[in-house]
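Colleague: There's a structure below that I have some questions on.
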Amino acid sequence: FGQLGERIVDLAASPCGTRLLSSSVSDIYIWSVEGNLERMVVKPEPWLQRAMISEQGAKVISGQAGEWVFVWSRFIMRVLAPSATVMALALLPLGHRLVIFTAADGTVWNTDSGDEVQPLEGTLSDTRDAAASPDGRMVAACSGQSVRAWEPATGRLVLRGDSPAPPFSGPCIVAVAAEGSFGGMLQARAGAQGLGRR
């Protein structure tokens with residue numbers, strides 16, 4: 001891999017595993033897995049929080065500090081403007097739907113039109129990480145003390161877990177297994193505390 005840019009703030013892989021994305025404080029680079037630079041996206045706003053890439057690298061999503069999410073395709077840049085500070089993002093398969101978690105709520109957005117599609121019920125106020133299952137049937141988010149999972153198609157809350165321990169102030173990580181249904185596995189970890197379902 002050649003020049004990665006300034007300080008790296010995020011790394012991501014496309015769901016198909018053919019593209020890598022590296023984000024610095026000023027630019028986003030898309031690489032082939034062989035290490036060849038394919039393209040660079042210049043972000044219009046600083047303070048990137050999170051970046052992700054869709055299947056085959058067709059779309060790049062960058063969440064900025066504040067109330068902006070940018071969706072980049074080869075020919076257009078679309079700006080999604082939630083009503084509160086962006087906390088976490090989860091991109092559904094194929095990149096046509098994006099779940100944006102803000103300080104106030106969680107909402108499914110259409111990345112092609114820029115429209116809000118579906119609010120999520122019972123969201124967290126302190127979301128720190130989010131993930132979607134590979135089949136797109138479940139999206140999950142975690143805070144320092146709780147984990148939630150929803151069906152993004154309906155916005156229905158399908159799983160709620162709360163730790164009895166005091167809230168954890170550090171980062172948390174959530175992941176959803178290949179089967180996004182109830183038979184799948186959801187795992188969240190906040191410090192030494194873990195919440196899980198099989």
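Chain labels follow the order of the structure tokens: the first chain is A, the next B, and so on; residue numbering restarts at 1 in every chain, and ligands are counted from 1 in their shown order.
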Per residue of region 55-160 of chain A within 12 Å of region 15-38 of chain A, note the shortest atom pair and the distance in Å to one decimal, counting only C-alpha atoms, and order the rows by chain and increasing residue number, as a Markdown table.
Modeller:
| residue | atom | partner | partner_atom | distance |
| --- | --- | --- | --- | --- |
| A:Glu55 | CA | A:Pro15 | CA | 5.4 |
| A:Gln56 | CA | A:Cys16 | CA | 6.6 |
| A:Gly57 | CA | A:Arg19 | CA | 6.3 |
| A:Ala58 | CA | A:Arg19 | CA | 10.1 |
| A:Lys59 | CA | A:Ile30 | CA | 10.5 |
| A:Val60 | CA | A:Leu21 | CA | 8.7 |
| A:Ile61 | CA | A:Ile28 | CA | 9.9 |
| A:Ser62 | CA | A:Ile28 | CA | 8.7 |
| A:Gly63 | CA | A:Ser23 | CA | 11.2 |
| A:Gln64 | CA | A:Val25 | CA | 10.3 |
| A:Ala65 | CA | A:Val25 | CA | 11.4 |
| A:Phe70 | CA | A:Ile28 | CA | 11.9 |
| A:Trp72 | CA | A:Ile28 | CA | 10.7 |
| A:Arg74 | CA | A:Glu38 | CA | 11.7 |
| A:Leu91 | CA | A:Pro15 | CA | 10.0 |
| A:Leu92 | CA | A:Pro15 | CA | 9.8 |
| A:Pro93 | CA | A:Pro15 | CA | 7.6 |
| A:Leu94 | CA | A:Pro15 | CA | 8.6 |
| A:Gly95 | CA | A:Pro15 | CA | 9.9 |
| A:Ala132 | CA | A:Pro15 | CA | 11.0 |
| A:Ser133 | CA | A:Pro15 | CA | 10.6 |
| A:Pro134 | CA | A:Pro15 | CA | 7.8 |
| A:Asp135 | CA | A:Pro15 | CA | 10.7 |
| A:Gly136 | CA | A:Pro15 | CA | 11.7 |
Colleague: If you keep N, CA and C atoms, can you produce a file of those selected residues as a compact mmCIF listing (two decimals), in the first residue's frame?
Modeller:
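The file below, selection22.txt, is the result:
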# COMPACT_ATOMS: atom_id res chain seq x y z
N GLU A 55 -20.71 -2.86 -1.09
CA GLU A 55 -20.32 -3.98 -1.95
C GLU A 55 -19.65 -3.47 -3.22
N GLN A 56 -18.51 -4.06 -3.59
CA GLN A 56 -17.75 -3.71 -4.79
C GLN A 56 -17.27 -2.26 -4.81
N GLY A 57 -17.35 -1.57 -3.69
CA GLY A 57 -16.84 -0.19 -3.62
C GLY A 57 -17.69 0.83 -4.34
N ALA A 58 -18.97 0.52 -4.61
CA ALA A 58 -19.82 1.43 -5.37
C ALA A 58 -20.16 2.71 -4.59
N LYS A 59 -20.26 2.62 -3.26
CA LYS A 59 -20.57 3.79 -2.44
C LYS A 59 -19.61 3.86 -1.27
N VAL A 60 -19.29 5.08 -0.89
CA VAL A 60 -18.52 5.34 0.32
C VAL A 60 -19.37 6.23 1.20
N ILE A 61 -19.48 5.87 2.46
CA ILE A 61 -20.25 6.65 3.42
C ILE A 61 -19.28 7.21 4.44
N SER A 62 -19.36 8.52 4.71
CA SER A 62 -18.52 9.12 5.74
C SER A 62 -19.41 9.90 6.70
N GLY A 63 -19.27 9.57 7.97
CA GLY A 63 -20.01 10.26 9.01
C GLY A 63 -19.10 11.28 9.67
N GLN A 64 -19.50 12.53 9.65
CA GLN A 64 -18.68 13.59 10.20
C GLN A 64 -19.12 13.89 11.63
N ALA A 65 -18.23 14.50 12.40
CA ALA A 65 -18.62 14.98 13.71
C ALA A 65 -19.69 16.04 13.50
N PHE A 70 -22.20 11.87 4.62
CA PHE A 70 -22.02 12.02 3.18
C PHE A 70 -22.03 10.65 2.52
N TRP A 72 -21.10 8.96 -1.03
CA TRP A 72 -20.37 9.21 -2.27
C TRP A 72 -20.57 8.04 -3.21
N ARG A 74 -19.76 7.18 -7.64
CA ARG A 74 -18.79 7.63 -8.65
C ARG A 74 -19.13 9.00 -9.22
N LEU A 91 -24.26 0.17 7.73
CA LEU A 91 -24.62 0.08 6.32
C LEU A 91 -25.18 -1.31 6.03
N LEU A 92 -26.39 -1.35 5.45
CA LEU A 92 -27.01 -2.63 5.11
C LEU A 92 -26.42 -3.14 3.80
N PRO A 93 -26.52 -4.45 3.53
CA PRO A 93 -25.94 -5.03 2.32
C PRO A 93 -26.40 -4.28 1.05
N LEU A 94 -25.53 -4.24 0.08
CA LEU A 94 -25.71 -3.58 -1.21
C LEU A 94 -25.65 -2.06 -1.12
N GLY A 95 -25.65 -1.50 0.08
CA GLY A 95 -25.44 -0.07 0.25
C GLY A 95 -26.62 0.82 -0.04
N ALA A 132 -24.60 -4.15 11.07
CA ALA A 132 -25.72 -4.84 10.41
C ALA A 132 -25.30 -6.26 10.12
N SER A 133 -26.28 -7.17 10.12
CA SER A 133 -25.98 -8.55 9.75
C SER A 133 -25.72 -8.60 8.24
N PRO A 134 -24.92 -9.56 7.78
CA PRO A 134 -24.63 -9.66 6.34
C PRO A 134 -25.86 -9.83 5.46
N ASP A 135 -26.93 -10.41 6.01
CA ASP A 135 -28.15 -10.57 5.21
C ASP A 135 -29.09 -9.36 5.34
N GLY A 136 -28.73 -8.37 6.17
CA GLY A 136 -29.51 -7.16 6.30
C GLY A 136 -30.79 -7.28 7.10
Colleague: Mind checking which residues fall within 6 Å of Val147 (chain A), counting only C-alpha atoms, ignoring those fewer than 2 positions away in the same chain, and posting them as a PDB file with N, CA, C and O atoms, in the first residue's frame?
Modeller:
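Full text of result39.pdb as output:
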ATOM      1  N   ALA A 141     -26.950  -2.075  17.948  1.00  0.00           N
ATOM      2  CA  ALA A 141     -26.175  -0.947  18.455  1.00  0.00           C
ATOM      3  C   ALA A 141     -25.909  -1.160  19.932  1.00  0.00           C
ATOM      4  O   ALA A 141     -26.654  -1.857  20.619  1.00  0.00           O
ATOM      5  N   CYS A 142     -24.827  -0.551  20.407  1.00  0.00           N
ATOM      6  CA  CYS A 142     -24.503  -0.671  21.834  1.00  0.00           C
ATOM      7  C   CYS A 142     -24.117   0.680  22.404  1.00  0.00           C
ATOM      8  O   CYS A 142     -23.661   1.574  21.706  1.00  0.00           O
ATOM      9  N   ARG A 160     -33.211  -6.683  23.474  1.00  0.00           N
ATOM     10  CA  ARG A 160     -32.730  -5.647  24.377  1.00  0.00           C
ATOM     11  C   ARG A 160     -31.945  -6.323  25.484  1.00  0.00           C
ATOM     12  O   ARG A 160     -32.429  -7.266  26.107  1.00  0.00           O
ATOM     13  N   GLY A 161     -30.757  -5.827  25.740  1.00  0.00           N
ATOM     14  CA  GLY A 161     -29.949  -6.346  26.830  1.00  0.00           C
ATOM     15  C   GLY A 161     -29.317  -5.209  27.605  1.00  0.00           C
ATOM     16  O   GLY A 161     -28.803  -4.259  27.015  1.00  0.00           O
TER      17      GLY A 161
END
Colleague: Which distance in Å separates CA of Ala149 (chain A) and CA of Ser113 (chain A), to one decimal?
Modeller: 25.1 Å
Colleague: Pick out the closest residue to Val99 (chain A) from this set: A:Ala84, A:Val158, A:Val176, A:Leu120. Count only C-alpha atoms.
Modeller: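 Residue with the minimum atom-to-atom distance to Val99 (chain A): A:Leu120.
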Colleague: Please identify the helix (DSSP H, G or I) residues within region 1-152 of chain A (assignment by DSSP from backbone atoms) and present them as a ChimeraX atom specification.
Modeller: /A:55-57,93-95
Colleague: Counting only C-alpha atoms, what is within 9 Å of Gly122 (chain A), bar same-chain residues fewer than 3 positions away, as a ChimeraX atom specification?
Modeller: /A:105-106,148,156-157
Colleague: Save the residues we just selected, all heavy atoms, as a tab-separated table (two decimals), in the first residue's frame?
Modeller:
chain	number	residue	atom	x	y	z
A	105	ASP	N	-32.08	9.46	18.28
A	105	ASP	CA	-32.83	8.32	17.76
A	105	ASP	C	-32.02	7.51	16.76
A	105	ASP	O	-30.85	7.79	16.53
A	105	ASP	CB	-34.14	8.80	17.11
A	105	ASP	CG	-33.91	9.79	15.97
A	105	ASP	OD1	-32.80	9.83	15.41
A	105	ASP	OD2	-34.85	10.52	15.62
A	106	GLY	N	-32.66	6.53	16.17
A	106	GLY	CA	-32.07	5.74	15.10
A	106	GLY	C	-33.05	5.69	13.94
A	106	GLY	O	-34.26	5.52	14.15
A	148	ARG	N	-29.00	-3.18	21.79
A	148	ARG	CA	-30.32	-3.30	21.19
A	148	ARG	C	-30.16	-3.88	19.78
A	148	ARG	O	-29.15	-3.66	19.13
A	148	ARG	CB	-31.02	-1.95	21.05
A	148	ARG	CG	-31.14	-1.15	22.32
A	148	ARG	CD	-32.34	-1.57	23.14
A	148	ARG	NE	-32.58	-0.67	24.24
A	148	ARG	CZ	-31.97	-0.71	25.40
A	148	ARG	NH1	-31.05	-1.62	25.64
A	148	ARG	NH2	-32.28	0.15	26.35
A	156	ARG	N	-38.81	-2.53	14.11
A	156	ARG	CA	-39.21	-3.20	15.35
A	156	ARG	C	-37.99	-3.60	16.19
A	156	ARG	O	-37.04	-4.18	15.69
A	156	ARG	CB	-40.03	-4.43	15.00
A	156	ARG	CG	-40.64	-5.14	16.20
A	156	ARG	CD	-41.58	-6.25	15.75
A	156	ARG	NE	-40.88	-7.37	15.16
A	156	ARG	CZ	-40.50	-8.46	15.84
A	156	ARG	NH1	-40.78	-8.56	17.12
A	156	ARG	NH2	-39.88	-9.43	15.23
A	157	LEU	N	-38.04	-3.28	17.49
A	157	LEU	CA	-37.02	-3.70	18.45
A	157	LEU	C	-37.20	-5.19	18.71
A	157	LEU	O	-38.29	-5.61	19.12
A	157	LEU	CB	-37.16	-2.91	19.75
A	157	LEU	CG	-36.18	-3.23	20.87
A	157	LEU	CD1	-34.77	-2.81	20.49
A	157	LEU	CD2	-36.61	-2.51	22.14
Colleague: Which distance in Å separates CA of Gly144 (chain A) and CA of Glu116 (chain A), to one decimal?
Modeller: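 About the pair CA of Gly144 (chain A) and CA of Glu116 (chain A): they are 26.9 Å apart.
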Colleague: My list of candidates is A:Val86, A:Ala131, A:Ala175, A:Val71. Which is closest to Asn110 (chain A) when distances are computed with only C-alpha atoms?
Modeller: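 That would be A:Val71, the residue with the smallest distance to Asn110 (chain A).
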